[in-house]
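Below is one structure; the comments refer to it alone.
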Amino acid sequence: MVRAAVVAEYGQDKAEIREVEVQAPGHGAVTVKMRSTGVCHSDLSAKEGILPAAVPMVLGHEGAGEVIRVGEGVTSVKPGDRVIIAWVPPCGSCKTCLRGEANLCMELTMASFANPNFVVDGTPHFGMAGTGTFAEEMTVTEAACIPLPDDVPFEIGALVGCGVMTGVGAALNTAKVRPGSRVAVIGCGGVGISVIQGARICGAAEILAIDMVDGKLEWAKKFGATRTAKGDAVDGPLQELTGGEGFDYVFEVVGRSQTIRQAWDLTRRGGTTVVVGAGRMDDMVEFNAFELFYLEKKLLGSYYGSGDVRTDFNRLFDLYRAGRLDLAGMITQRLTLDDVNDAFAALASGEVIRQVINF
């Protein structure tokens, strides 16, 4: 038995720390002892029912740890290996993987989402996003275990497992930001800060950070934003940075129809709008038929940073080692599992950039 943060139903006020039984690793599966997990806004959204997730569930999807048991047929990892958990594990052989879109592979993901890997008081519990990193141990498919280099701390590996891959990847992989571009980022939490860093790495000339929280705008400047703006007060920077034409790339990292529309409106004719934020399925965005044709803007979704975890995690670590990607500086709080509800409260208030729970 191990401890984990669980919720029984959507909208539950607080997660409960419970004793849970972890499913033994079957064929092709691995049990991982968690060492660190990031607290992502998607965890809060899953708890509230904003994002689809099976309940009852163990929360968490962004983590790193050590392999302690392996099932039959496992060949890529062994007990003692340090690994990052990838919540979208590519199978490597389906049509999606073979055409270079490993982040869209659903072959293993759907099975992991649908199978409960925990038991609490005799009741099966699912792991969020097929994982459940807010548990001291968990069992996942072998493909979800990506090697973590010995020189990279577990907490850094945890952040790369979701938020950093999603944000930096949106700039490098999805948008392919060109050097000298003018970029705007709406939403400057942990993923938004990662987008800003990605745009800086790509060589963006100007990066406007937009958020409602003053503290987040201050953080954005530390990670590469050249200008900041509060909420809708963007007319001044829009004129000064683009002459009113609009930005070459605008990233929406909130997941709301209003900010998606704002991102589109801030994008220049022929520019690119990238939706990174994970929103509700019933939150509709409206465009008219004429503007879609006439403005020739590109509207792109970015799922898991359009990345291939088998190669892109190492690319991010190379940038980290070279001092071009600041990951340690993004961590504003280090907590324990008992602090999970305090972490959610701070996250909802916008007081933090990134929190990690260390086991």
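Chain identifiers are assigned as A, B, and so on, following the order in which chains appear in the structure tokens; residues are numbered from 1 within each chain, and ligands are numbered from 1 in order of appearance.
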
Note to self: What's around Ser257 (chain A) at 12 Å? Count only C-alpha atoms, leave out sequence neighbours fewer than 2 positions away in its own chain, and write the answer as number ranges by chain.
What the structure shows: A: 252-255, 259-264, 275, 277-287

Note to self: Show me, as an NGL selection string, the residues that have an atom within 6 Å of Gly60 (chain A) when counting only C-alpha atoms, minus same-chain residues fewer than 4 positions from it.
What the structure shows: :A and (43 or 128 or 132-134)

Let's have the selection written as a PDB file, in the first residue's frame, with N, CA, C and O atoms.
ATOM      1  N   ASP A  43      -4.374  19.328 -13.730  1.00  0.00           N
ATOM      2  CA  ASP A  43      -4.802  18.516 -12.589  1.00  0.00           C
ATOM      3  C   ASP A  43      -6.034  19.133 -11.939  1.00  0.00           C
ATOM      4  O   ASP A  43      -6.999  18.439 -11.604  1.00  0.00           O
ATOM      5  N   MET A 128      -5.112   9.765 -13.451  1.00  0.00           N
ATOM      6  CA  MET A 128      -5.355  10.880 -14.361  1.00  0.00           C
ATOM      7  C   MET A 128      -4.465  10.757 -15.598  1.00  0.00           C
ATOM      8  O   MET A 128      -3.266  10.478 -15.483  1.00  0.00           O
ATOM      9  N   GLY A 132      -1.344   9.060 -12.952  1.00  0.00           N
ATOM     10  CA  GLY A 132      -1.600   9.170 -11.531  1.00  0.00           C
ATOM     11  C   GLY A 132      -0.338   9.438 -10.746  1.00  0.00           C
ATOM     12  O   GLY A 132      -0.005   8.723  -9.799  1.00  0.00           O
ATOM     13  N   THR A 133       0.366  10.504 -11.105  1.00  0.00           N
ATOM     14  CA  THR A 133       1.673  10.787 -10.509  1.00  0.00           C
ATOM     15  C   THR A 133       1.593  11.365  -9.100  1.00  0.00           C
ATOM     16  O   THR A 133       2.621  11.549  -8.462  1.00  0.00           O
ATOM     17  N   PHE A 134       0.380  11.659  -8.606  1.00  0.00           N
ATOM     18  CA  PHE A 134       0.239  12.070  -7.211  1.00  0.00           C
ATOM     19  C   PHE A 134       0.122  10.838  -6.306  1.00  0.00           C
ATOM     20  O   PHE A 134      -0.591  10.856  -5.306  1.00  0.00           O
TER      21      PHE A 134
END

Next item on the list: Please measure the separation of CA of Phe118 (chain A) and CA of Ile84 (chain A), giving the value in Å to one decimal.
Entry: 19.7 Å

Next item on the list: Go ahead and compute the interatomic distance for CA of Thr332 (chain A) and CA of Gly190 (chain A), in Å to one decimal.
Entry: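 Rounded to one decimal, the two atoms are 10.0 Å apart.
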
Note to self: So that I can check the surroundings of Ala8 (chain A), please list as a list in words every protein, DNA and RNA residue that reaches within 10 Å of it, counting only C-alpha atoms and ignoring chain neighbours fewer than 5 positions away.
What the structure shows: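 Non-adjacent residues within range: Ala15, Glu16, Lys47, Ala54, Val55, Pro56, Met57, Val58 and His125 of chain A.
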
How would the residues just chosen look if you wrote them out with C-alpha atoms as a PDB file, in the first residue's frame?
ATOM      1  CA  ALA A  15      -8.353  15.845  -2.756  1.00  0.00           C
ATOM      2  CA  GLU A  16      -7.979  13.188  -0.085  1.00  0.00           C
ATOM      3  CA  LYS A  47     -10.653  17.528 -10.597  1.00  0.00           C
ATOM      4  CA  ALA A  54     -12.505   8.991 -15.401  1.00  0.00           C
ATOM      5  CA  VAL A  55     -13.469   9.061 -11.722  1.00  0.00           C
ATOM      6  CA  PRO A  56     -12.731   8.003  -9.075  1.00  0.00           C
ATOM      7  CA  MET A  57      -9.106   8.791  -9.812  1.00  0.00           C
ATOM      8  CA  VAL A  58      -5.626   9.394  -8.526  1.00  0.00           C
ATOM      9  CA  HIS A 125      -9.476   4.000  -9.254  1.00  0.00           C
TER      10      HIS A 125
END

Check: Which residues in region 170-273 of chain A does DSSP call alpha helix (DSSP H)? List them as a ChimeraX atom specification.
Finding: /A:190-202,214-222,235-242,257-266

Margin query: I'd like the contact shell of Arg321 (chain A) - 12 Å cut-off, only C-alpha atoms, skipping same-chain residues fewer than 5 positions apart - returned as a list in words.
Written below: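 The contact residues come out as Pro149, Asp151, Val152, Pro153, Ile156, Asn314, Arg315, Leu316, Asp326, Leu327 and Ala328 of chain A.
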
Restricting the output to N, CA, C and O atoms, write the selected residues as a short mmCIF file (atom, residue, chain, number, x, y, z; two decimals), in the first residue's frame.
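Below you can see selection_25.cif, which holds the result:
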data_model
loop_
_atom_site.label_atom_id
_atom_site.label_comp_id
_atom_site.auth_asym_id
_atom_site.auth_seq_id
_atom_site.Cartn_x
_atom_site.Cartn_y
_atom_site.Cartn_z
N PRO A 149 18.25 11.32 -17.78
CA PRO A 149 19.70 11.29 -17.60
C PRO A 149 20.10 11.48 -16.13
O PRO A 149 19.42 12.17 -15.37
N ASP A 151 22.33 13.23 -14.79
CA ASP A 151 22.70 14.58 -14.37
C ASP A 151 21.52 15.54 -14.28
O ASP A 151 21.70 16.72 -13.98
N VAL A 152 20.31 15.03 -14.50
CA VAL A 152 19.12 15.88 -14.45
C VAL A 152 18.31 15.52 -13.21
O VAL A 152 17.91 14.35 -13.04
N PRO A 153 18.02 16.47 -12.31
CA PRO A 153 17.24 16.18 -11.10
C PRO A 153 15.84 15.68 -11.45
O PRO A 153 15.27 16.02 -12.48
N ILE A 156 13.26 18.38 -12.25
CA ILE A 156 13.38 18.95 -13.59
C ILE A 156 12.79 17.99 -14.61
O ILE A 156 12.06 18.40 -15.53
N ASN A 314 15.15 14.76 -24.70
CA ASN A 314 16.61 14.94 -24.69
C ASN A 314 17.02 16.27 -25.31
O ASN A 314 17.99 16.89 -24.88
N ARG A 315 16.28 16.71 -26.32
CA ARG A 315 16.58 18.02 -26.91
C ARG A 315 16.38 19.12 -25.87
O ARG A 315 17.19 20.06 -25.79
N LEU A 316 15.34 19.01 -25.07
CA LEU A 316 15.10 19.99 -24.01
C LEU A 316 16.19 19.95 -22.95
O LEU A 316 16.62 20.99 -22.43
N ASP A 326 15.80 27.75 -18.90
CA ASP A 326 15.84 27.83 -17.44
C ASP A 326 14.68 27.03 -16.87
O ASP A 326 13.53 27.45 -16.93
N LEU A 327 14.97 25.86 -16.32
CA LEU A 327 13.94 25.01 -15.74
C LEU A 327 13.92 25.12 -14.22
O LEU A 327 12.85 25.19 -13.61
N ALA A 328 15.08 25.14 -13.60
CA ALA A 328 15.11 25.25 -12.13
C ALA A 328 14.47 26.55 -11.67
O ALA A 328 13.77 26.58 -10.64
#

Checklist line | Polymer residues at most 10 Å from Arg310 (chain A), only C-alpha atoms, same-chain spacing of 4 or more positions, as a list in words | finding: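 Final neighbour list, sorted by chain and number: Ala86, Pro89, Pro90, Gly92, Ala102, Ala143, Ala144, Cys145, Ile146, Pro147, Asn314 and Arg315 of chain A.
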